[in-house]
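Reproduced below: coords.cif, with mmCIF, C-alpha atoms.
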data_entry
loop_
_atom_site.label_atom_id
_atom_site.label_comp_id
_atom_site.auth_asym_id
_atom_site.auth_seq_id
_atom_site.Cartn_x
_atom_site.Cartn_y
_atom_site.Cartn_z
CA MET V 1 17.86 -0.44 -13.00
CA SER V 2 21.02 -0.21 -15.08
CA ASP V 3 20.04 2.51 -17.53
CA PHE V 4 17.86 5.59 -17.62
CA TYR V 5 16.48 7.57 -20.52
CA LEU V 6 15.63 11.19 -21.09
CA ASN V 7 14.15 12.41 -24.38
CA ASN V 8 15.31 9.26 -26.17
CA ILE V 9 18.93 9.79 -25.06
CA LYS V 10 20.49 7.05 -22.98
CA TYR V 11 21.95 7.97 -19.61
CA ASN V 12 23.61 5.91 -16.90
CA LYS V 13 22.96 5.93 -13.16
CA GLU V 14 24.91 9.15 -12.82
CA ALA V 15 22.22 11.00 -14.78
CA PRO V 16 21.37 14.38 -13.19
CA ASP V 17 17.85 13.28 -12.25
CA PRO V 18 17.39 9.50 -12.64
CA LEU V 19 13.93 9.46 -11.03
CA SER V 20 12.29 12.19 -13.10
CA TYR V 21 12.54 11.66 -16.85
CA GLU V 22 10.60 10.76 -19.99
CA TYR V 23 11.21 8.12 -22.63
CA GLU V 24 9.34 8.00 -25.94
CA TRP V 25 9.33 5.33 -28.63
CA VAL V 26 7.55 5.80 -31.95
CA ALA V 27 7.11 3.04 -34.52
CA PRO V 28 8.45 3.90 -37.99
CA GLY V 29 5.77 4.81 -40.51
CA SER V 30 3.07 5.09 -37.87
CA GLY V 31 -0.47 5.90 -38.93
CA LYS V 32 -3.11 7.83 -37.04
CA ILE V 33 -3.35 6.75 -33.39
CA LEU V 34 -6.99 6.20 -32.41
CA MET V 35 -6.79 4.64 -28.94
CA THR V 36 -4.73 5.36 -25.83
CA VAL V 37 -4.00 2.75 -23.16
CA ALA V 38 -3.14 4.63 -19.96
CA LEU V 39 -1.25 2.72 -17.28
CA PRO V 40 -0.53 4.53 -13.97
CA LEU V 41 1.86 2.71 -11.66
CA ARG V 42 3.05 2.97 -8.08
CA LYS V 43 5.00 0.22 -6.33
CA MET V 44 3.96 -2.35 -8.92
CA GLY V 45 7.32 -3.28 -10.38
CA ASP V 46 6.85 -6.92 -9.38
CA ILE V 47 3.60 -7.37 -11.33
CA THR V 48 3.77 -4.83 -14.18
CA TRP V 49 4.83 -7.66 -16.48
CA MET V 50 1.32 -9.11 -16.31
CA ALA V 51 -0.41 -5.91 -17.42
CA LEU V 52 2.04 -5.49 -20.31
CA GLU V 53 1.81 -9.15 -21.30
CA SER V 54 -1.96 -8.74 -21.68
CA LEU V 55 -1.27 -5.90 -24.13
CA ARG V 56 1.24 -8.03 -26.03
CA ARG V 57 -1.51 -10.60 -26.60
CA GLN V 58 -4.07 -8.12 -27.91
CA GLU V 59 -5.92 -9.08 -31.08
CA THR V 60 -6.43 -5.68 -32.65
CA SER V 61 -6.57 -3.89 -35.98
CA VAL V 62 -6.59 -0.44 -34.35
CA ASN V 63 -3.54 1.82 -34.04
CA TRP V 64 -2.99 2.63 -30.39
CA GLU V 65 -0.45 4.06 -27.97
CA LEU V 66 0.70 3.14 -24.47
CA ILE V 67 1.30 5.89 -21.91
CA MET V 68 2.75 5.00 -18.52
CA PHE V 69 3.28 7.33 -15.56
CA GLU V 70 5.13 5.66 -12.69
CA ASP V 71 6.60 6.73 -9.37
CA GLY V 72 10.34 6.12 -9.26
CA GLY V 73 10.81 4.37 -12.62
CA GLU V 74 10.48 0.95 -11.03
CA SER V 75 9.09 -0.89 -14.09
CA ARG V 76 11.31 0.62 -16.76
CA GLU V 77 13.39 -2.49 -17.36
CA VAL V 78 10.21 -4.56 -17.69
CA LEU V 79 8.84 -2.14 -20.27
CA ASP V 80 12.05 -2.41 -22.32
CA THR V 81 11.32 -6.08 -23.00
CA PHE V 82 7.98 -5.16 -24.62
CA VAL V 83 9.02 -2.22 -26.80
CA GLY V 84 8.22 -3.00 -30.44
CA LYS V 85 6.36 -6.20 -29.50
CA LEU V 86 2.86 -4.88 -28.76
CA PRO V 87 0.50 -5.54 -31.72
CA GLY V 88 -0.87 -2.31 -33.17
CA CYS V 89 1.06 -0.11 -30.72
CA LYS V 90 2.55 2.86 -32.59
CA ARG V 91 3.83 4.92 -29.68
CA ILE V 92 5.03 4.41 -26.12
CA LEU V 93 5.48 7.30 -23.72
CA TYR V 94 6.93 6.47 -20.32
CA LYS V 95 7.33 9.04 -17.56
CA SER V 96 9.21 8.29 -14.38
CA ILE V 97 7.95 10.51 -11.58
CA ASP V 98 9.78 11.88 -8.58
CA PRO V 99 6.87 13.00 -6.34
CA LYS V 100 9.03 15.54 -4.52
CA LYS V 101 9.90 17.21 -7.80
CA ASP V 102 6.88 16.42 -9.98
CA GLY V 103 4.18 16.40 -7.30
CA ARG V 104 1.78 19.12 -6.25
CA VAL V 105 3.45 22.32 -5.18
CA SER V 106 0.94 23.30 -2.49
CA GLY V 107 -2.11 22.18 -0.56
CA ARG V 108 -2.90 19.12 1.52
CA HIS V 109 -1.21 16.79 -0.97
CA LYS V 110 1.94 18.83 -1.53
CA GLY V 111 4.78 16.65 -2.80
CA ALA V 112 2.44 13.87 -3.92
CA VAL V 113 1.22 12.74 -7.33
CA LEU V 114 -2.34 11.50 -6.90
CA LEU V 115 -3.90 8.94 -9.18
CA ILE V 116 -6.22 11.56 -10.66
CA ASP V 117 -3.15 13.66 -11.52
CA LYS V 118 -1.70 10.73 -13.45
CA TRP V 119 -4.94 10.02 -15.32
CA ILE V 120 -5.23 13.66 -16.41
CA GLY V 121 -1.51 13.96 -17.18
CA MET V 122 -1.55 10.89 -19.41
CA ALA V 123 -4.64 12.16 -21.25
CA LEU V 124 -2.93 15.49 -21.90
CA ALA V 125 0.12 13.61 -23.21
CA ALA V 126 -1.98 11.45 -25.55
CA SER V 127 -1.88 11.90 -29.31
CA ASN V 128 -4.19 14.56 -30.70
CA GLU V 129 -6.10 12.01 -32.80
CA SER V 130 -6.80 9.69 -29.87
CA VAL V 131 -10.51 8.93 -29.58
CA GLY V 132 -10.62 6.42 -26.74
CA TYR V 133 -8.81 6.33 -23.42
CA ILE V 134 -8.53 2.94 -21.68
CA LEU V 135 -8.00 3.11 -17.93
CA HIS V 136 -5.75 0.09 -17.58
CA ALA V 137 -4.56 -1.10 -14.15
CA GLY V 138 -1.11 -2.38 -13.29
CA ASP V 139 -2.53 -5.40 -11.48
CA ASP V 140 -5.08 -6.45 -14.12
CA TYR V 141 -4.80 -8.75 -17.12
CA ALA V 142 -6.76 -7.21 -20.00
CA PRO V 143 -9.13 -9.29 -22.17
CA LYS V 144 -7.49 -10.05 -25.51
CA ARG V 145 -9.88 -7.98 -27.66
CA MET V 146 -10.20 -5.09 -25.22
CA ILE V 147 -8.75 -2.38 -27.46
CA ASP V 148 -10.87 -3.32 -30.48
CA ASN V 149 -14.05 -3.73 -28.44
CA HIS V 150 -13.75 -0.35 -26.74
CA PHE V 151 -13.00 1.30 -30.07
CA LYS V 152 -16.12 -0.26 -31.60
CA ASN V 153 -18.31 0.98 -28.75
CA LEU V 154 -16.87 4.48 -28.97
CA GLN V 155 -17.85 4.68 -32.63
CA ASN V 156 -21.36 5.34 -31.32
CA LYS V 157 -21.61 9.09 -30.79
CA ASN V 158 -23.61 8.65 -27.56
CA CYS V 159 -21.03 6.36 -25.97
CA ILE V 160 -19.11 8.08 -23.18
CA TYR V 161 -18.12 4.95 -21.27
CA SER V 162 -17.31 1.48 -22.58
CA THR V 163 -17.17 -1.24 -19.92
CA TYR V 164 -17.06 -4.98 -19.23
CA PRO V 165 -20.01 -5.91 -16.94
CA ARG V 166 -18.64 -9.35 -15.99
CA GLY V 167 -15.27 -10.54 -14.77
CA VAL V 168 -13.11 -12.88 -12.73
CA PHE V 169 -11.14 -11.62 -9.73
CA TYR V 170 -8.03 -13.46 -8.57
CA HIS V 171 -6.28 -12.95 -5.22
CA TYR V 172 -2.51 -13.45 -5.48
CA ALA V 173 -1.90 -14.28 -1.84
CA LEU V 174 -5.01 -16.37 -1.15
CA LYS V 175 -4.99 -18.10 -4.57
CA LYS V 176 -8.76 -17.75 -4.66
CA ARG V 177 -11.10 -16.64 -7.45
CA ILE V 178 -14.52 -15.01 -7.39
CA PHE V 179 -16.91 -13.66 -10.00
CA TYR V 180 -18.12 -10.11 -10.48
CA ASN V 181 -21.53 -9.87 -12.15
CA GLY V 182 -22.60 -6.31 -12.89
CA TYR V 183 -25.99 -7.49 -14.11
CA ALA V 184 -26.91 -8.07 -10.46
CA PHE V 185 -27.38 -4.31 -10.11
CA LYS V 186 -30.74 -4.83 -11.81
CA SER V 187 -31.99 -6.85 -8.86
CA HIS V 188 -31.00 -4.02 -6.51
CA GLY V 189 -33.41 -1.64 -8.14
CA LYS V 190 -30.60 0.38 -9.71
CA ASP V 191 -30.43 1.46 -13.32
CA PHE V 192 -27.91 -0.96 -14.82
CA LEU V 193 -27.05 1.42 -17.66
CA THR V 194 -25.74 4.10 -15.27
CA ASN V 195 -23.11 1.82 -13.73
CA ILE V 196 -19.56 1.28 -14.95
CA HIS V 197 -17.82 -1.99 -14.25
CA LEU V 198 -14.43 -3.42 -15.30
CA HIS V 199 -11.65 -2.63 -17.83
CA ASN V 200 -13.22 0.75 -18.55
CA ALA V 201 -12.65 3.16 -21.42
CA VAL V 202 -13.78 6.75 -21.90
CA ARG V 203 -13.21 9.46 -24.48
CA THR V 204 -9.74 10.97 -24.32
CA GLU V 205 -11.09 14.51 -24.65
CA ASP V 206 -13.27 14.04 -21.56
CA VAL V 207 -10.33 13.17 -19.31
CA ARG V 208 -8.35 16.13 -20.65
CA LYS V 209 -11.11 18.47 -19.45
CA ILE V 210 -11.15 17.28 -15.83
CA ARG V 211 -9.73 19.82 -13.40
CA PRO V 212 -9.15 18.59 -9.82
CA SER V 213 -10.69 20.61 -7.02
CA TYR V 214 -7.78 19.86 -4.66
CA SER V 215 -9.99 18.27 -2.04
CA ASP V 216 -9.73 15.01 -0.14
CA LYS V 217 -12.22 13.47 -2.56
CA GLU V 218 -9.43 13.20 -5.13
CA ARG V 219 -7.81 10.36 -3.22
CA ASN V 220 -7.63 6.95 -4.91
CA ALA V 221 -10.79 5.65 -3.25
CA LEU V 222 -13.80 5.90 -5.55
CA ILE V 223 -11.59 7.31 -8.30
CA ASP V 224 -13.80 5.79 -11.03
CA LYS V 225 -16.83 7.59 -9.64
CA TYR V 226 -14.84 10.82 -9.38
CA ILE V 227 -13.95 10.64 -13.08
CA ARG V 228 -17.47 9.69 -14.11
CA VAL V 229 -19.12 12.51 -12.15
CA ASN V 230 -16.70 15.07 -13.59
CA ILE V 231 -17.33 13.88 -17.15
CA TYR V 232 -21.10 14.14 -16.72
CA ARG V 233 -20.75 17.57 -15.12
CA ASN V 234 -18.47 18.89 -17.86
CA ARG V 235 -20.83 17.60 -20.54
CA GLY V 236 -23.89 18.89 -18.71
CA ILE V 237 -25.78 15.60 -19.02
CA ASP V 238 -27.95 13.44 -16.79
CA PRO V 239 -26.83 9.77 -17.09
CA THR V 240 -30.39 8.55 -16.47
CA GLU V 241 -31.83 10.38 -19.48
CA ASN V 242 -29.99 8.47 -22.19
CA LYS V 243 -27.70 5.51 -22.77
CA TYR V 244 -24.15 6.77 -22.34
CA ILE V 245 -22.50 3.62 -20.93
CA TYR V 246 -22.06 0.83 -23.48
CA ASN V 247 -21.32 -2.75 -22.44
CA VAL V 248 -18.77 -4.80 -24.34
CA ASP V 249 -21.00 -7.83 -23.78
CA ASP V 250 -23.40 -6.44 -26.38
CA ILE V 251 -20.79 -6.78 -29.14
CA ASP V 252 -18.52 -9.52 -27.75
CA SER V 253 -20.05 -11.74 -25.08
CA THR V 254 -17.04 -14.03 -24.53
CA ASP V 255 -14.03 -11.72 -24.41
CA TRP V 256 -14.36 -11.06 -20.66
CA MET V 257 -13.35 -14.67 -19.98
CA THR V 258 -9.89 -14.08 -21.50
CA GLY V 259 -8.88 -11.54 -18.84
CA PHE V 260 -9.07 -11.07 -15.08
CA ASN V 261 -8.78 -8.53 -12.30
CA THR V 262 -6.77 -9.01 -9.14
CA ASP V 263 -6.75 -8.16 -5.48
CA GLY V 264 -4.19 -8.62 -2.76
CA LEU V 265 -1.56 -6.48 -4.46
CA ASN V 266 -3.52 -3.29 -4.94
CA THR V 267 -4.95 -0.53 -2.77
CA ILE V 268 -8.50 -1.88 -2.51
CA SER V 269 -7.71 -3.86 0.62
CA TYR V 270 -11.29 -4.22 1.87
CA ARG V 271 -12.03 -6.63 -0.97
CA ARG V 272 -9.68 -9.25 0.45
CA LYS V 273 -12.40 -10.35 2.87
CA ILE V 274 -14.83 -10.93 0.01
CA TYR V 275 -13.03 -14.07 -1.12
CA ASN V 276 -14.09 -16.01 1.97
CA ASN V 277 -17.81 -15.31 1.52
CA PRO V 278 -18.46 -13.16 -1.57
CA GLU V 279 -22.25 -13.59 -1.53
CA ALA V 280 -22.43 -11.97 1.92
CA ARG V 281 -20.81 -8.78 0.67
CA SER V 282 -23.04 -7.97 -2.30
CA ALA V 283 -25.20 -9.56 -4.97
CA VAL V 284 -22.60 -8.66 -7.62
CA TRP V 285 -20.07 -11.08 -6.09
CA SER V 286 -20.23 -14.88 -6.17
CA SER V 287 -17.98 -17.83 -5.40
CA TYR V 288 -16.01 -19.58 -8.11
CA ASN V 289 -17.94 -22.84 -8.44
CA ASP V 290 -20.01 -24.75 -10.99
CA ALA V 291 -23.28 -23.12 -9.96
CA SER V 292 -21.88 -19.61 -10.31
CA LYS V 293 -20.24 -20.47 -13.63
CA LYS V 294 -23.60 -21.49 -15.01
CA THR V 295 -25.32 -18.38 -13.69
CA ILE V 296 -22.75 -15.92 -15.00
CA GLY V 297 -22.05 -17.83 -18.22
CA TYR V 298 -18.40 -18.68 -17.63
CA CYS V 299 -17.08 -21.43 -19.90
CA GLY V 300 -14.10 -23.65 -19.09
CA GLU V 301 -11.65 -23.23 -16.23
CA PHE V 302 -9.69 -20.17 -15.15
CA ASP V 303 -6.28 -21.83 -15.52
CA LYS V 304 -7.18 -22.92 -19.07
CA ASN V 305 -8.69 -19.62 -20.23
CA ILE V 306 -5.51 -17.63 -19.68
CA PRO V 307 -2.05 -18.33 -21.19
CA LYS V 308 0.12 -20.84 -19.36
CA ASN V 309 2.97 -18.39 -18.79
CA VAL V 310 0.56 -15.93 -17.18
CA TYR V 311 -0.91 -18.59 -14.91
CA ARG V 312 2.59 -19.68 -13.86
CA PHE V 313 3.46 -16.06 -13.11
CA ILE V 314 0.48 -15.38 -10.85
CA SER V 315 0.85 -18.77 -9.17
CA SER V 316 4.45 -17.97 -8.22
CA ILE V 317 3.49 -14.87 -6.19
CA SER V 318 2.97 -15.75 -2.54
CA LYS V 319 2.96 -12.44 -0.68
CA SER V 320 0.93 -9.26 -0.92
CA ARG V 321 2.84 -6.04 -1.26
CA LYS V 322 1.65 -3.47 1.22
CA ASN V 323 1.20 0.29 1.02
CA ARG V 324 0.48 0.56 -2.67
#

Can I see the file as structure tokens?
Amino acid sequence: MSDFYLNNIKYNKEAPDPLSYEYEWVAPGSGKILMTVALPLRKMGDITWMALESLRRQETSVNWELIMFEDGGESREVLDTFVGKLPGCKRILYKSIDPKKDGRVSGRHKGAVLLIDKWIGMALAASNESVGYILHAGDDYAPKRMIDNHFKNLQNKNCIYSTYPRGVFYHYALKKRIFYNGYAFKSHGKDFLTNIHLHNAVRTEDVRKIRPSYSDKERNALIDKYIRVNIYRNRGIDPTENKYIYNVDDIDSTDWMTGFNTDGLNTISYRRKIYNNPEARSAVWSSYNDASKKTIGYCGEFDKNIPKNVYRFISSISKSRKNR
């Protein structure tokens, strides 16, 4: 990186602390910000472009903000190319983290910034008016109406979670695709309405209220469940007694086909084996073929449903990056 920023003031590489700083951009004449897109990053500088490009292609009428917390400022130059070019985005807050300085000061994870710490930190940094909090991932390409669809679901006072129950997964290294079908939970005897799925959003206020217990359970594994359980506990509700999780499919049944999730460059390494025989792993996974397309309702072809520049980008990556 050639330049660093601190409180909107430009510094060079000789800045006192080039790995721990904040940069904020605010659009002139901004209105009330209603949605927050939170993007935590660690060792994803080579693919952050994809996550940001999916935000640049959003079709939205909602004012929103982007908040990024990243170890070591690796994606800062990539972010610079998107500033002022994200439709509806009225504010960008970027925080470069030096774990040794900004991490936990004691306990088992001293000197580390866990994913849950980033989620909570970004929620606390969100605008006061923010209603919805989208948990975006650095290795996912968001559906093009994601922000609007989550905002619409959250207009229902009972909605705590907004989620996409169907999706395509793409493996960078293997160049394979599989389908995720959350509706298959019904056949497992589970209550479909108590499960969250892909490209999730919650209420900003709920994430602000989470307080980590400083146990091993805060690690990245099962982080979605950790957040969900804490939200239910803080609200004092039983998720089986009412409908609290709203599916985007109910208001927009085709948007899921315009985005995708990935594996091979993230921390969920066990999923890499799924691509060889997805049906053997679980009923929610299926191979990318004509039969599965018909079952899940997928129209067209993957390489035609996403922009050409995005497909070229993911096709050019040949190696997985380890230790994310």

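The nearest approach to Asn153 (chain V) among the residues V:Asp46, V:Glu24, V:Asp303, V:Asp250, with only C-alpha atoms taken into account, belongs to V:Asp250.
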
Give me the result of the PyMOL selection byres ((chain V and resi 79-83) around 9) on this file, residue by residue, as a VMD selection string. chain V and resid 25 48 to 49 52 to 53 56 75 to 78 84 to 86 92 94

Here's the selection I'm unsure about, the PyMOL selection byres ((chain V and resi 113-126) around 7); applied to the file above, which residues does it give, as a VMD selection string? chain V and resid 36 38 40 67 69 99 103 to 104 111 to 112 127 to 128 130 204 207 to 208 210 218 to 220

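Protein and nucleic acid residues near (-5.2, -5.1, -25.6) are Ser54, Leu55, Arg57, Gln58, Glu59, Ala142, Pro143, Lys144, Arg145, Met146 and Ile147 of chain V, the criterion being any atom at most 7 Å away using all atoms listed in the file.
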
Please put the answer as AutoDock Vina command-line options: centre and edge lengths, in Å with one decimal, of a box along x, y and z that encloses all listed atoms of region 226-241 of chain V plus 8 Å on each side.
--center_x -22.9 --center_y 13.7 --center_z -15.0 --size_x 33.9 --size_y 26.3 --size_z 27.2

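Of note, CA of Arg211 (chain V) and CA of Val131 (chain V) are spaced 19.5 Å apart.
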
Test item: residues at most 6 Å from Asp98 (chain V), only C-alpha atoms, excluding those fewer than 4 positions along its chain, as a count of residues only: 4

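Excluding Asp290 (chain V) itself and same-chain residues fewer than 6 positions from it, the residues having an atom within 12 Å of it are V:Ile178, V:Phe179, V:Ile296, V:Gly297, V:Tyr298, V:Cys299, V:Gly300, V:Glu301, counting all atoms listed in the file.
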
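Atom pair CA of Val168 (chain V) / CA of Glu74 (chain V) has a distance of 27.4 Å (rounded to one decimal).
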